[in-house]
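Raw contents of run-v7.pdb, PDB, C-alpha atoms and all ligand atoms:
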```
ATOM      1  CA  MET A 762     -96.876-142.858  18.698
ATOM      2  CA  PRO A 763     -96.912-140.066  16.084
ATOM      3  CA  ALA A 764    -100.345-138.821  14.973
ATOM      4  CA  PRO A 765    -101.697-140.958  12.134
ATOM      5  CA  ARG A 766    -101.691-139.309   8.738
ATOM      6  CA  ILE A 767    -105.165-139.485   7.196
ATOM      7  CA  VAL A 768    -105.555-138.544   3.555
ATOM      8  CA  VAL A 769    -108.965-137.654   2.106
ATOM      9  CA  THR A 770    -108.770-137.773  -1.677
ATOM     10  CA  ARG A 771    -111.655-135.386  -2.394
ATOM     11  CA  ARG A 772    -113.880-133.033  -0.424
ATOM     12  CA  ILE A 773    -116.480-134.919   1.650
ATOM     13  CA  PRO A 774    -119.318-133.522   3.818
ATOM     14  CA  GLU A 775    -118.253-131.332   6.734
ATOM     15  CA  PRO A 776    -119.666-133.525   9.548
ATOM     16  CA  ALA A 777    -117.312-136.297   8.415
ATOM     17  CA  LEU A 778    -114.375-133.895   8.195
ATOM     18  CA  ASP A 779    -115.284-132.650  11.673
ATOM     19  CA  LEU A 780    -114.989-136.199  12.986
ATOM     20  CA  LEU A 781    -111.510-136.442  11.495
ATOM     21  CA  ARG A 782    -110.556-132.953  12.687
ATOM     22  CA  GLY A 783    -111.693-133.883  16.177
ATOM     23  CA  SER A 784    -109.104-136.664  16.303
ATOM     24  CA  ASP A 785    -105.369-136.231  16.725
ATOM     25  CA  ALA A 786    -104.838-137.152  13.061
ATOM     26  CA  ASP A 787    -102.543-135.238  10.790
ATOM     27  CA  LEU A 788    -105.173-134.600   8.138
ATOM     28  CA  TRP A 789    -104.657-133.901   4.432
ATOM     29  CA  ILE A 790    -107.707-133.120   2.337
ATOM     30  CA  SER A 791    -107.515-132.634  -1.404
ATOM     31  CA  GLU A 792    -108.365-129.068  -2.273
ATOM     32  CA  HIS A 793    -109.552-129.998  -5.763
ATOM     33  CA  ASP A 794    -113.211-130.635  -6.432
ATOM     34  CA  ARG A 795    -112.325-133.305  -8.955
ATOM     35  CA  PRO A 796    -110.773-136.746  -8.890
ATOM     36  CA  LEU A 797    -107.019-136.609  -8.395
ATOM     37  CA  GLU A 798    -104.951-137.674 -11.413
ATOM     38  CA  THR A 799    -103.081-140.915 -10.803
ATOM     39  CA  GLY A 800     -99.781-139.112 -10.168
ATOM     40  CA  GLU A 801    -101.414-136.638  -7.783
ATOM     41  CA  LEU A 802    -103.212-139.457  -5.976
ATOM     42  CA  HIS A 803    -100.016-141.430  -5.498
ATOM     43  CA  GLN A 804     -98.218-138.342  -4.243
ATOM     44  CA  ALA A 805    -101.076-137.494  -1.861
ATOM     45  CA  VAL A 806    -101.222-140.942  -0.262
ATOM     46  CA  SER A 807     -97.462-141.241   0.207
ATOM     47  CA  GLY A 808     -96.823-141.811   3.902
ATOM     48  CA  ALA A 809    -100.539-142.117   4.774
ATOM     49  CA  ASP A 810    -101.689-144.380   7.590
ATOM     50  CA  ALA A 811    -105.290-144.161   6.399
ATOM     51  CA  VAL A 812    -106.879-143.080   3.147
ATOM     52  CA  VAL A 813    -110.501-142.055   2.748
ATOM     53  CA  SER A 814    -111.102-142.808  -0.925
ATOM     54  CA  LEU A 815    -113.845-142.172  -3.449
ATOM     55  CA  LEU A 816    -115.146-144.600  -6.039
ATOM     56  CA  HIS A 817    -113.104-143.005  -8.820
ATOM     57  CA  ASP A 818    -109.784-143.577  -7.045
ATOM     58  CA  ARG A 819    -107.960-146.651  -8.310
ATOM     59  CA  VAL A 820    -106.482-148.496  -5.346
ATOM     60  CA  ASP A 821    -104.107-151.044  -6.825
ATOM     61  CA  ASP A 822    -100.563-152.243  -6.290
ATOM     62  CA  ALA A 823     -99.143-148.977  -7.615
ATOM     63  CA  PHE A 824    -101.292-147.023  -5.141
ATOM     64  CA  LEU A 825    -100.306-149.297  -2.276
ATOM     65  CA  ASP A 826     -96.616-149.006  -3.240
ATOM     66  CA  ALA A 827     -96.954-145.234  -3.383
ATOM     67  CA  ALA A 828     -98.643-145.134   0.021
ATOM     68  CA  GLY A 829     -95.940-147.185   1.711
ATOM     69  CA  PRO A 830     -95.816-150.040   4.217
ATOM     70  CA  GLN A 831     -97.292-147.983   7.084
ATOM     71  CA  LEU A 832    -100.712-147.837   5.360
ATOM     72  CA  ARG A 833    -103.308-149.476   7.601
ATOM     73  CA  SER A 834    -106.644-148.761   5.961
ATOM     74  CA  VAL A 835    -108.476-147.585   2.871
ATOM     75  CA  SER A 836    -112.029-146.446   3.577
ATOM     76  CA  ASN A 837    -114.083-146.132   0.425
ATOM     77  CA  VAL A 838    -116.984-143.695   0.623
ATOM     78  CA  ALA A 839    -119.196-146.092  -1.346
ATOM     79  CA  VAL A 840    -120.803-149.458  -0.871
ATOM     80  CA  GLY A 841    -119.220-150.704  -4.114
ATOM     81  CA  TYR A 842    -115.458-151.222  -3.993
ATOM     82  CA  ASP A 843    -114.625-152.457  -7.472
ATOM     83  CA  ASN A 844    -112.105-149.573  -7.637
ATOM     84  CA  ILE A 845    -110.032-151.373  -5.014
ATOM     85  CA  ASP A 846    -107.852-154.424  -5.536
ATOM     86  CA  VAL A 847    -108.933-156.043  -2.274
ATOM     87  CA  PRO A 848    -106.638-159.107  -2.517
ATOM     88  CA  ALA A 849    -103.657-156.771  -3.036
ATOM     89  CA  ALA A 850    -104.664-154.743   0.021
ATOM     90  CA  THR A 851    -105.286-157.880   2.068
ATOM     91  CA  ALA A 852    -101.884-159.283   1.127
ATOM     92  CA  ARG A 853    -100.340-156.153   2.651
ATOM     93  CA  GLY A 854    -102.505-156.224   5.749
ATOM     94  CA  VAL A 855    -104.439-153.121   4.690
ATOM     95  CA  VAL A 856    -108.028-153.048   5.933
ATOM     96  CA  VAL A 857    -110.527-152.032   3.263
ATOM     97  CA  THR A 858    -113.893-150.675   4.325
ATOM     98  CA  ASN A 859    -117.035-149.641   2.473
ATOM     99  CA  THR A 860    -120.345-148.016   3.451
ATOM    100  CA  PRO A 861    -123.091-150.635   3.431
ATOM    101  CA  GLY A 862    -126.518-149.961   4.875
ATOM    102  CA  VAL A 863    -126.503-146.176   4.955
ATOM    103  CA  LEU A 864    -127.278-145.789   1.252
ATOM    104  CA  THR A 865    -129.737-148.642   0.868
ATOM    105  CA  GLU A 866    -132.958-146.630   0.944
ATOM    106  CA  ALA A 867    -131.666-143.742  -1.182
ATOM    107  CA  THR A 868    -130.456-146.118  -3.875
ATOM    108  CA  ALA A 869    -133.671-148.114  -3.798
ATOM    109  CA  ASP A 870    -135.592-144.856  -4.238
ATOM    110  CA  ILE A 871    -133.599-144.056  -7.364
ATOM    111  CA  ALA A 872    -134.142-147.574  -8.743
ATOM    112  CA  MET A 873    -137.884-147.199  -8.231
ATOM    113  CA  GLY A 874    -137.724-143.708  -9.718
ATOM    114  CA  LEU A 875    -136.105-145.155 -12.822
ATOM    115  CA  VAL A 876    -138.760-147.880 -12.976
ATOM    116  CA  LEU A 877    -141.470-145.216 -12.974
ATOM    117  CA  MET A 878    -139.622-142.951 -15.383
ATOM    118  CA  ALA A 879    -138.996-145.748 -17.851
ATOM    119  CA  THR A 880    -142.380-147.436 -17.711
ATOM    120  CA  ARG A 881    -144.408-144.202 -17.660
ATOM    121  CA  ARG A 882    -142.171-142.364 -20.134
ATOM    122  CA  LEU A 883    -141.555-139.470 -17.772
ATOM    123  CA  GLY A 884    -138.204-138.434 -19.236
ATOM    124  CA  GLU A 885    -139.653-138.549 -22.722
ATOM    125  CA  GLY A 886    -142.659-136.492 -21.608
ATOM    126  CA  GLU A 887    -140.418-133.933 -19.953
ATOM    127  CA  ARG A 888    -138.286-133.612 -23.070
ATOM    128  CA  LEU A 889    -141.409-133.153 -25.162
ATOM    129  CA  MET A 890    -142.728-130.349 -22.945
ATOM    130  CA  ARG A 891    -139.413-128.533 -22.874
ATOM    131  CA  SER A 892    -138.987-128.814 -26.633
ATOM    132  CA  GLY A 893    -142.175-126.803 -27.112
ATOM    133  CA  THR A 894    -143.687-129.585 -29.225
ATOM    134  CA  PRO A 895    -147.471-129.065 -29.483
ATOM    135  CA  TRP A 896    -149.425-131.708 -27.582
ATOM    136  CA  SER A 897    -152.892-132.394 -26.267
ATOM    137  CA  TRP A 898    -154.395-135.094 -24.105
ATOM    138  CA  HIS A 899    -155.834-137.969 -26.048
ATOM    139  CA  MET A 900    -156.611-141.590 -25.411
ATOM    140  CA  PHE A 901    -153.497-142.909 -27.010
ATOM    141  CA  PHE A 902    -151.016-140.200 -26.076
ATOM    142  CA  MET A 903    -147.687-141.456 -24.641
ATOM    143  CA  LEU A 904    -149.027-144.668 -23.237
ATOM    144  CA  GLY A 905    -146.654-146.521 -20.974
ATOM    145  CA  SER A 906    -146.864-149.765 -19.026
ATOM    146  CA  GLY A 907    -148.531-150.203 -15.644
ATOM    147  CA  LEU A 908    -146.807-151.963 -12.767
ATOM    148  CA  GLN A 909    -149.739-153.623 -10.989
ATOM    149  CA  GLY A 910    -149.555-157.406 -11.209
ATOM    150  CA  LYS A 911    -146.231-157.330 -13.075
ATOM    151  CA  THR A 912    -143.072-159.133 -12.007
ATOM    152  CA  ILE A 913    -139.916-157.400 -10.897
ATOM    153  CA  GLY A 914    -136.829-159.578 -11.228
ATOM    154  CA  ILE A 915    -134.203-158.571  -8.683
ATOM    155  CA  VAL A 916    -130.690-159.639  -9.641
ATOM    156  CA  GLY A 917    -128.835-159.763  -6.315
ATOM    157  CA  LEU A 918    -131.089-159.744  -3.255
ATOM    158  CA  GLY A 919    -128.778-157.885  -0.870
ATOM    159  CA  GLY A 920    -129.835-154.884   1.179
ATOM    160  CA  ILE A 921    -130.568-152.664  -1.827
ATOM    161  CA  GLY A 922    -132.262-155.461  -3.774
ATOM    162  CA  ARG A 923    -134.543-156.135  -0.813
ATOM    163  CA  ALA A 924    -135.364-152.452  -0.401
ATOM    164  CA  VAL A 925    -136.324-152.277  -4.083
ATOM    165  CA  ALA A 926    -138.406-155.449  -3.743
ATOM    166  CA  ARG A 927    -140.327-153.888  -0.818
ATOM    167  CA  ARG A 928    -141.053-150.793  -2.836
ATOM    168  CA  ALA A 929    -142.113-152.846  -5.851
ATOM    169  CA  ARG A 930    -144.521-154.817  -3.700
ATOM    170  CA  SER A 931    -146.159-151.631  -2.544
ATOM    171  CA  PHE A 932    -146.765-150.922  -6.245
ATOM    172  CA  GLY A 933    -148.535-154.263  -6.539
ATOM    173  CA  MET A 934    -145.707-156.166  -8.147
ATOM    174  CA  ARG A 935    -144.667-159.759  -7.685
ATOM    175  CA  VAL A 936    -141.029-160.363  -6.751
ATOM    176  CA  ALA A 937    -138.681-162.837  -8.387
ATOM    177  CA  TYR A 938    -134.991-162.898  -7.590
ATOM    178  CA  THR A 939    -131.757-164.558  -8.420
ATOM    179  CA  SER A 940    -128.736-164.682  -6.158
ATOM    180  CA  ARG A 941    -125.861-167.012  -5.412
ATOM    181  CA  THR A 942    -127.328-168.001  -2.068
ATOM    182  CA  PRO A 943    -131.015-168.201  -1.149
ATOM    183  CA  ALA A 944    -132.358-165.342   0.930
ATOM    184  CA  ASP A 945    -133.305-166.027   4.549
ATOM    185  CA  PRO A 946    -136.685-167.778   4.706
ATOM    186  CA  GLU A 947    -138.141-164.772   6.608
ATOM    187  CA  VAL A 948    -137.026-162.431   3.825
ATOM    188  CA  GLU A 949    -138.479-164.712   1.150
ATOM    189  CA  ALA A 950    -141.698-164.922   3.129
ATOM    190  CA  GLU A 951    -141.910-161.167   3.759
ATOM    191  CA  LEU A 952    -141.387-160.394   0.076
ATOM    192  CA  GLU A 953    -143.199-163.496  -1.171
ATOM    193  CA  ALA A 954    -140.134-163.697  -3.376
ATOM    194  CA  GLU A 955    -139.447-166.602  -5.692
ATOM    195  CA  ARG A 956    -135.825-167.577  -6.289
ATOM    196  CA  MET A 957    -134.937-168.636  -9.812
ATOM    197  CA  THR A 958    -131.982-168.834 -12.159
ATOM    198  CA  LEU A 959    -130.893-165.734 -14.010
ATOM    199  CA  ASP A 960    -132.147-167.185 -17.293
ATOM    200  CA  GLU A 961    -135.574-167.911 -15.799
ATOM    201  CA  LEU A 962    -135.727-164.445 -14.299
ATOM    202  CA  LEU A 963    -134.765-162.784 -17.576
ATOM    203  CA  ALA A 964    -137.454-164.739 -19.380
ATOM    204  CA  GLN A 965    -140.195-163.954 -16.855
ATOM    205  CA  ALA A 966    -139.574-160.486 -15.440
ATOM    206  CA  ASP A 967    -141.333-157.368 -16.685
ATOM    207  CA  ILE A 968    -138.677-155.291 -14.929
ATOM    208  CA  VAL A 969    -135.142-156.583 -14.433
ATOM    209  CA  SER A 970    -133.355-154.562 -11.743
ATOM    210  CA  LEU A 971    -129.640-155.052 -11.080
ATOM    211  CA  HIS A 972    -128.309-154.977  -7.510
ATOM    212  CA  LEU A 973    -125.072-156.884  -7.570
ATOM    213  CA  PRO A 974    -121.450-155.813  -7.242
ATOM    214  CA  LEU A 975    -119.109-155.474 -10.198
ATOM    215  CA  SER A 976    -116.543-158.245 -10.383
ATOM    216  CA  GLU A 977    -114.883-160.270 -13.113
ATOM    217  CA  GLU A 978    -117.879-162.666 -12.939
ATOM    218  CA  THR A 979    -120.484-159.937 -13.269
ATOM    219  CA  ARG A 980    -118.786-157.750 -15.903
ATOM    220  CA  HIS A 981    -121.120-157.714 -18.953
ATOM    221  CA  LEU A 982    -123.450-160.160 -17.221
ATOM    222  CA  ILE A 983    -126.174-158.401 -19.153
ATOM    223  CA  GLY A 984    -124.980-158.550 -22.748
ATOM    224  CA  ALA A 985    -126.604-159.429 -26.062
ATOM    225  CA  GLU A 986    -127.453-162.952 -24.946
ATOM    226  CA  ALA A 987    -129.106-161.951 -21.677
ATOM    227  CA  LEU A 988    -130.960-159.093 -23.337
ATOM    228  CA  GLY A 989    -132.153-161.551 -25.968
ATOM    229  CA  ARG A 990    -133.731-163.656 -23.223
ATOM    230  CA  MET A 991    -135.765-160.744 -21.887
ATOM    231  CA  LYS A 992    -139.346-160.175 -22.948
ATOM    232  CA  SER A 993    -139.828-157.611 -25.682
ATOM    233  CA  ASP A 994    -142.045-155.551 -23.357
ATOM    234  CA  ALA A 995    -139.624-155.708 -20.413
ATOM    235  CA  TYR A 996    -137.424-152.974 -18.933
ATOM    236  CA  LEU A 997    -133.867-153.094 -17.584
ATOM    237  CA  ILE A 998    -132.907-150.954 -14.588
ATOM    238  CA  ASN A 999    -129.276-150.522 -13.516
ATOM    239  CA  THR A1000    -128.326-148.748 -10.303
ATOM    240  CA  ALA A1001    -125.425-151.123  -9.545
ATOM    241  CA  ARG A1002    -122.315-150.562 -11.669
ATOM    242  CA  GLY A1003    -122.185-149.662 -15.350
ATOM    243  CA  PRO A1004    -119.899-152.454 -16.587
ATOM    244  CA  VAL A1005    -122.392-155.107 -15.405
ATOM    245  CA  VAL A1006    -124.232-154.162 -18.604
ATOM    246  CA  ASP A1007    -122.726-154.217 -22.086
ATOM    247  CA  GLU A1008    -123.846-150.724 -23.116
ATOM    248  CA  ALA A1009    -123.323-151.268 -26.842
ATOM    249  CA  ALA A1010    -125.472-154.419 -26.718
ATOM    250  CA  LEU A1011    -128.108-152.569 -24.691
ATOM    251  CA  ALA A1012    -128.219-149.690 -27.181
ATOM    252  CA  ASP A1013    -128.692-152.256 -29.968
ATOM    253  CA  ALA A1014    -131.435-154.131 -28.108
ATOM    254  CA  LEU A1015    -133.295-150.901 -27.321
ATOM    255  CA  LYS A1016    -132.983-149.649 -30.866
ATOM    256  CA  ARG A1017    -134.254-152.896 -32.328
ATOM    257  CA  GLY A1018    -137.128-153.081 -29.814
ATOM    258  CA  GLU A1019    -135.814-156.324 -28.302
ATOM    259  CA  ILE A1020    -136.742-154.855 -24.938
ATOM    260  CA  ALA A1021    -139.134-151.991 -24.218
ATOM    261  CA  GLY A1022    -136.880-149.655 -22.312
ATOM    262  CA  ALA A1023    -134.203-149.082 -19.716
ATOM    263  CA  GLY A1024    -133.342-146.821 -16.819
ATOM    264  CA  LEU A1025    -129.672-146.314 -16.066
ATOM    265  CA  ASP A1026    -127.989-144.545 -13.164
ATOM    266  CA  VAL A1027    -124.545-145.989 -13.839
ATOM    267  CA  PHE A1028    -122.437-146.297 -16.977
ATOM    268  CA  GLU A1029    -119.625-148.376 -18.343
ATOM    269  CA  ASN A1030    -117.161-145.510 -18.742
ATOM    270  CA  GLU A1031    -118.424-142.781 -16.466
ATOM    271  CA  PRO A1032    -118.851-139.939 -17.094
ATOM    272  CA  ASP A1033    -119.197-140.983 -20.758
ATOM    273  CA  VAL A1034    -122.358-142.587 -22.082
ATOM    274  CA  HIS A1035    -122.506-144.822 -25.129
ATOM    275  CA  PRO A1036    -123.571-142.472 -27.965
ATOM    276  CA  GLY A1037    -126.130-145.018 -29.147
ATOM    277  CA  LEU A1038    -128.033-144.604 -25.879
ATOM    278  CA  LEU A1039    -128.123-140.822 -26.089
ATOM    279  CA  GLU A1040    -130.134-141.011 -29.314
ATOM    280  CA  LEU A1041    -132.885-143.195 -27.920
ATOM    281  CA  GLU A1042    -136.175-142.090 -26.378
ATOM    282  CA  ASN A1043    -136.788-145.387 -24.575
ATOM    283  CA  VAL A1044    -133.910-145.094 -22.145
ATOM    284  CA  VAL A1045    -133.752-142.913 -19.053
ATOM    285  CA  LEU A1046    -130.262-141.690 -18.187
ATOM    286  CA  VAL A1047    -129.359-140.143 -14.842
ATOM    287  CA  PRO A1048    -125.828-139.299 -13.651
ATOM    288  CA  HIS A1049    -124.988-141.815 -10.883
ATOM    289  CA  LEU A1050    -127.392-140.321  -8.328
ATOM    290  CA  GLY A1051    -128.166-143.510  -6.372
ATOM    291  CA  SER A1052    -126.829-142.284  -3.049
ATOM    292  CA  ALA A1053    -127.086-138.589  -3.834
ATOM    293  CA  THR A1054    -129.078-137.173  -0.948
ATOM    294  CA  LYS A1055    -127.549-134.800   1.578
ATOM    295  CA  GLU A1056    -128.418-137.167   4.393
ATOM    296  CA  THR A1057    -127.042-140.265   2.702
ATOM    297  CA  ARG A1058    -123.806-138.723   1.473
ATOM    298  CA  THR A1059    -123.185-137.358   4.966
ATOM    299  CA  ALA A1060    -123.865-140.743   6.537
ATOM    300  CA  MET A1061    -121.565-142.461   4.024
ATOM    301  CA  ALA A1062    -118.721-140.040   4.649
ATOM    302  CA  GLU A1063    -119.180-140.262   8.421
ATOM    303  CA  LEU A1064    -119.054-144.051   8.276
ATOM    304  CA  ALA A1065    -115.869-143.926   6.203
ATOM    305  CA  ALA A1066    -114.323-141.464   8.644
ATOM    306  CA  ARG A1067    -115.261-143.660  11.617
ATOM    307  CA  ASN A1068    -113.713-146.658   9.890
ATOM    308  CA  ALA A1069    -110.473-144.774   9.259
ATOM    309  CA  LEU A1070    -110.331-143.554  12.864
ATOM    310  CA  ALA A1071    -111.132-146.983  14.298
ATOM    311  CA  VAL A1072    -108.350-148.731  12.412
ATOM    312  CA  ALA A1073    -105.923-145.906  13.184
ATOM    313  CA  ALA A1074    -106.721-146.408  16.885
ATOM    314  CA  GLY A1075    -106.008-150.139  16.606
ATOM    315  CA  GLU A1076    -109.690-151.021  16.885
ATOM    316  CA  PRO A1077    -111.622-153.250  14.516
ATOM    317  CA  ALA A1078    -113.109-151.518  11.496
ATOM    318  CA  LEU A1079    -116.895-151.033  11.603
ATOM    319  CA  THR A1080    -117.622-152.273   8.080
ATOM    320  CA  PRO A1081    -114.572-154.098   6.742
ATOM    321  CA  VAL A1082    -114.609-155.730   3.330
ATOM    322  CA  ASN A1083    -111.685-157.940   4.298
ATOM    323  CA  PRO A1084    -112.376-158.747   7.961
ATOM    324  CA  GLU A1085    -109.664-161.379   7.873
ATOM    325  CA  VAL A1086    -107.140-158.572   8.071
ATOM    326  CA  SER A1087    -107.002-157.862  11.741
ATOM    327  CA  PRO A1088    -106.169-154.234  12.388
ATOM    328  CA  GLY A1089    -103.366-155.050  14.774
ATOM    329  CA  SER A1090    -101.418-157.504  12.677
ATOM    330  CA  ARG A1091     -99.620-157.600   9.343
ATOM    331  CA  PRO A1092     -98.763-160.652   7.275
TER     332      PRO A1092
HETATM  333  C1  LIG B1101    -122.165-145.766  -5.152
HETATM  334  O1  LIG B1101    -122.262-146.022  -6.301
HETATM  335  C2  LIG B1101    -121.731-146.676  -4.144
HETATM  336  O2  LIG B1101    -121.242-147.773  -4.460
HETATM  337  O3  LIG B1101    -121.843-146.324  -2.978
END
```
Could you express the structure from this file as structure tokens?
Amino acid sequence: MPAPRIVVTRRIPEPALDLLRGSDADLWISEHDRPLETGELHQAVSGADAVVSLLHDRVDDAFLDAAGPQLRSVSNVAVGYDNIDVPAATARGVVVTNTPGVLTEATADIAMGLVLMATRRLGEGERLMRSGTPWSWHMFFMLGSGLQGKTIGIVGLGGIGRAVARRARSFGMRVAYTSRTPADPEVEAELEAERMTLDELLAQADIVSLHLPLSEETRHLIGAEALGRMKSDAYLINTARGPVVDEAALADALKRGEIAGAGLDVFENEPDVHPGLLELENVVLVPHLGSATKETRTAMAELAARNALAVAAGEPALTPVNPEVSPGSRP
């Protein structure tokens, strides 16, 4: 059997590249430190047996056509895989993998960081200091909202949602959640979490934190109507995917004081941000840093590399998104 051709669409941490280099694979790594343009991407993946992809790479029919019928796997270095047309890959027998688990704690940390930044006005305070604006301590200076005794509403109680709920509890918060299926009774008991509908959660939560994947059902889940259901002193936190929130509607709601504030790590059209948000003091904006620790990014890339190598060796993928596609067989 010829050595499998593994294509890595953008530089990833060295330990992951070392794993790939240590195999017999014929390895191609993009030399650009930027996303490949569509044409470049299609050219790069032509003839690949495995592709290690990043969340900005669109994996659709055109990509799969460009890769060719020998393609066995696409390993996304991300837990989210909304950049991949999974049914199209499945139809061609291509295993798709993601990186669950390894980024749970890092992402939960960022969500909690945004909660603190938004409720305690930390970004605003930092901007004030750096602007040289005169200030002095006084009783009513930059008052925020405390977290003790408040309710965090977790939308999507998967691994990251649970990790955020644990953190919130250590800040003295009560946990409400909404998800398609109830959490395991032990998880509910551990978190003392109450399941409710999205509308109930929006109406009750002091913090609404989003932890669900982007899909056609969740696109703009949080739009004008949902924001209108939230309490006027509540905060929205998004570390999931930008398009789950209608950014224009959020900018409007924040401007009109329909909700108190927001903390966003992800955006509808990254790297762009809705201009209405940039003007507002009551929104914290950070550039998609959820998994951005050295340790986490290395673990994500290593997991993707191991997935690519496993499928190339005819073994089951470690974390397949479409487990029904058995590595050895094609439809
Ligand atoms: C990052 O956003 C990821 O999905 O891993």
Q) Expanded to explicit residues, what is the PyMOL selection byres (((not hetatm)) within 7 of (chain B and resi 1101)) for this file, as a ChimeraX atom specification? A) /A:838-842,860,864,1001,1049,1051-1052
Those residues with C-alpha atoms, as a JSON list (two decimals), in the frame of the given file please?
```json
[["chain", "number", "residue", "atom", "x", "y", "z"],
["A", 838, "VAL", "CA", -116.98, -143.70, 0.62],
["A", 839, "ALA", "CA", -119.20, -146.09, -1.35],
["A", 840, "VAL", "CA", -120.80, -149.46, -0.87],
["A", 841, "GLY", "CA", -119.22, -150.70, -4.11],
["A", 842, "TYR", "CA", -115.46, -151.22, -3.99],
["A", 860, "THR", "CA", -120.34, -148.02, 3.45],
["A", 864, "LEU", "CA", -127.28, -145.79, 1.25],
["A", 1001, "ALA", "CA", -125.42, -151.12, -9.54],
["A", 1049, "HIS", "CA", -124.99, -141.82, -10.88],
["A", 1051, "GLY", "CA", -128.17, -143.51, -6.37],
["A", 1052, "SER", "CA", -126.83, -142.28, -3.05]]
```
**Q.** Selection dump of the PyMOL selection byres (((chain A and resi 969) around 7) and not hetatm), as a ChimeraX atom specification
**A.** /A:913-915,963,966-968,970-971,996-998
Q: Pick out the closest residue to Ala872 in chain A from this set: A:Val1027, A:Leu1079, A:Ala944, A:Val1086. Count only C-alpha atoms.
A: A:Val1027
**Q.** Spatial neighbours of Ala924 in chain A, max dist 8 Å, all atoms listed in the file, sep filter under 4 positions, as a PyMOL selection string
**A.** chain A and resi 865-866+869+920+928
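In this model, the gap between CA of Asp945 in chain A and CA of Val1006 in chain A comes to 27.6 Å.
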**Q.** Proximity to Thr1057 in chain A - best of A:Val769, A:Leu973, A:Ala950, A:Val863, only C-alpha atoms
**A.** A:Val863
Spatial neighbours of Asp1033 in chain A, max dist 12 Å, only C-alpha atoms, sep filter under 2 positions, as a compact mmCIF listing (two decimals) with C-alpha atoms, in the frame of the given file:
```
# COMPACT_ATOMS: atom_id res chain seq x y z
CA GLY A 1003 -122.18 -149.66 -15.35
CA GLU A 1008 -123.85 -150.72 -23.12
CA VAL A 1027 -124.54 -145.99 -13.84
CA PHE A 1028 -122.44 -146.30 -16.98
CA GLU A 1029 -119.62 -148.38 -18.34
CA ASN A 1030 -117.16 -145.51 -18.74
CA GLU A 1031 -118.42 -142.78 -16.47
CA HIS A 1035 -122.51 -144.82 -25.13
CA PRO A 1036 -123.57 -142.47 -27.96
CA GLY A 1037 -126.13 -145.02 -29.15
CA LEU A 1038 -128.03 -144.60 -25.88
CA LEU A 1039 -128.12 -140.82 -26.09
CA LEU A 1046 -130.26 -141.69 -18.19
CA VAL A 1047 -129.36 -140.14 -14.84
CA PRO A 1048 -125.83 -139.30 -13.65
CA HIS A 1049 -124.99 -141.82 -10.88
```
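In this model, the gap between CA of Glu1040 in chain A and CA of Thr880 in chain A comes to 18.1 Å.
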Please provide as a PDB file with C-alpha atoms, in the frame of the given file all residues within 12 Å of Leu959 in chain A, with the sequence filter that same-chain residues fewer than 5 positions apart are discarded (counting all atoms listed in the file).
```
ATOM      1  CA  GLY A 914    -136.829-159.578 -11.228  1.00  0.00           C
ATOM      2  CA  ILE A 915    -134.203-158.571  -8.683  1.00  0.00           C
ATOM      3  CA  VAL A 916    -130.690-159.639  -9.641  1.00  0.00           C
ATOM      4  CA  GLY A 917    -128.835-159.763  -6.315  1.00  0.00           C
ATOM      5  CA  ALA A 937    -138.681-162.837  -8.387  1.00  0.00           C
ATOM      6  CA  TYR A 938    -134.991-162.898  -7.590  1.00  0.00           C
ATOM      7  CA  THR A 939    -131.757-164.558  -8.420  1.00  0.00           C
ATOM      8  CA  SER A 940    -128.736-164.682  -6.158  1.00  0.00           C
ATOM      9  CA  ARG A 941    -125.861-167.012  -5.412  1.00  0.00           C
ATOM     10  CA  ALA A 964    -137.454-164.739 -19.380  1.00  0.00           C
ATOM     11  CA  GLN A 965    -140.195-163.954 -16.855  1.00  0.00           C
ATOM     12  CA  ALA A 966    -139.574-160.486 -15.440  1.00  0.00           C
ATOM     13  CA  VAL A 969    -135.142-156.583 -14.433  1.00  0.00           C
ATOM     14  CA  SER A 970    -133.355-154.562 -11.743  1.00  0.00           C
ATOM     15  CA  LEU A 971    -129.640-155.052 -11.080  1.00  0.00           C
ATOM     16  CA  THR A 979    -120.484-159.937 -13.269  1.00  0.00           C
ATOM     17  CA  LEU A 982    -123.450-160.160 -17.221  1.00  0.00           C
ATOM     18  CA  ILE A 983    -126.174-158.401 -19.153  1.00  0.00           C
ATOM     19  CA  GLU A 986    -127.453-162.952 -24.946  1.00  0.00           C
ATOM     20  CA  ALA A 987    -129.106-161.951 -21.677  1.00  0.00           C
ATOM     21  CA  LEU A 988    -130.960-159.093 -23.337  1.00  0.00           C
ATOM     22  CA  ARG A 990    -133.731-163.656 -23.223  1.00  0.00           C
ATOM     23  CA  MET A 991    -135.765-160.744 -21.887  1.00  0.00           C
TER      24      MET A 991
END
```
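Distances here use only C-alpha atoms; by that measure, the residue among A:Glu1042, A:Gly989, A:Leu975, A:Ala1066 closest to Arg1002 in chain A is A:Leu975.
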Q | Length of the CA of Asp1013 in chain A to CA of Asp1026 in chain A vector [Å] | A | 18.5 Å
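Ranking A:Arg882, A:Arg980, A:Arg930, A:Lys1016 by their shortest atom-to-atom distance to Ser993 in chain A, with all atoms listed in the file included, puts A:Lys1016 first.
Once Thr1054 in chain A and its same-chain neighbours fewer than 5 positions away are set aside, Leu864, Ala867, Thr868, Thr1059 and Ala1060 of chain A remain within 10 Å of it when counting all atoms listed in the file.
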Q. Using only C-alpha atoms, which of A:Ile773, A:Ala1053, A:Leu883, A:Ile921 sits nearest Met903 in chain A?
A. A:Leu883
Q.
Neighbouring residues of Val857 in chain A were defined as those with any atom within 8 Å, considering all atoms listed in the file; residues of the same chain fewer than 2 positions away were excluded. Please report them as a PyMOL selection string.
A. chain A and resi 834-837+847+850-851+855+859+1081-1083
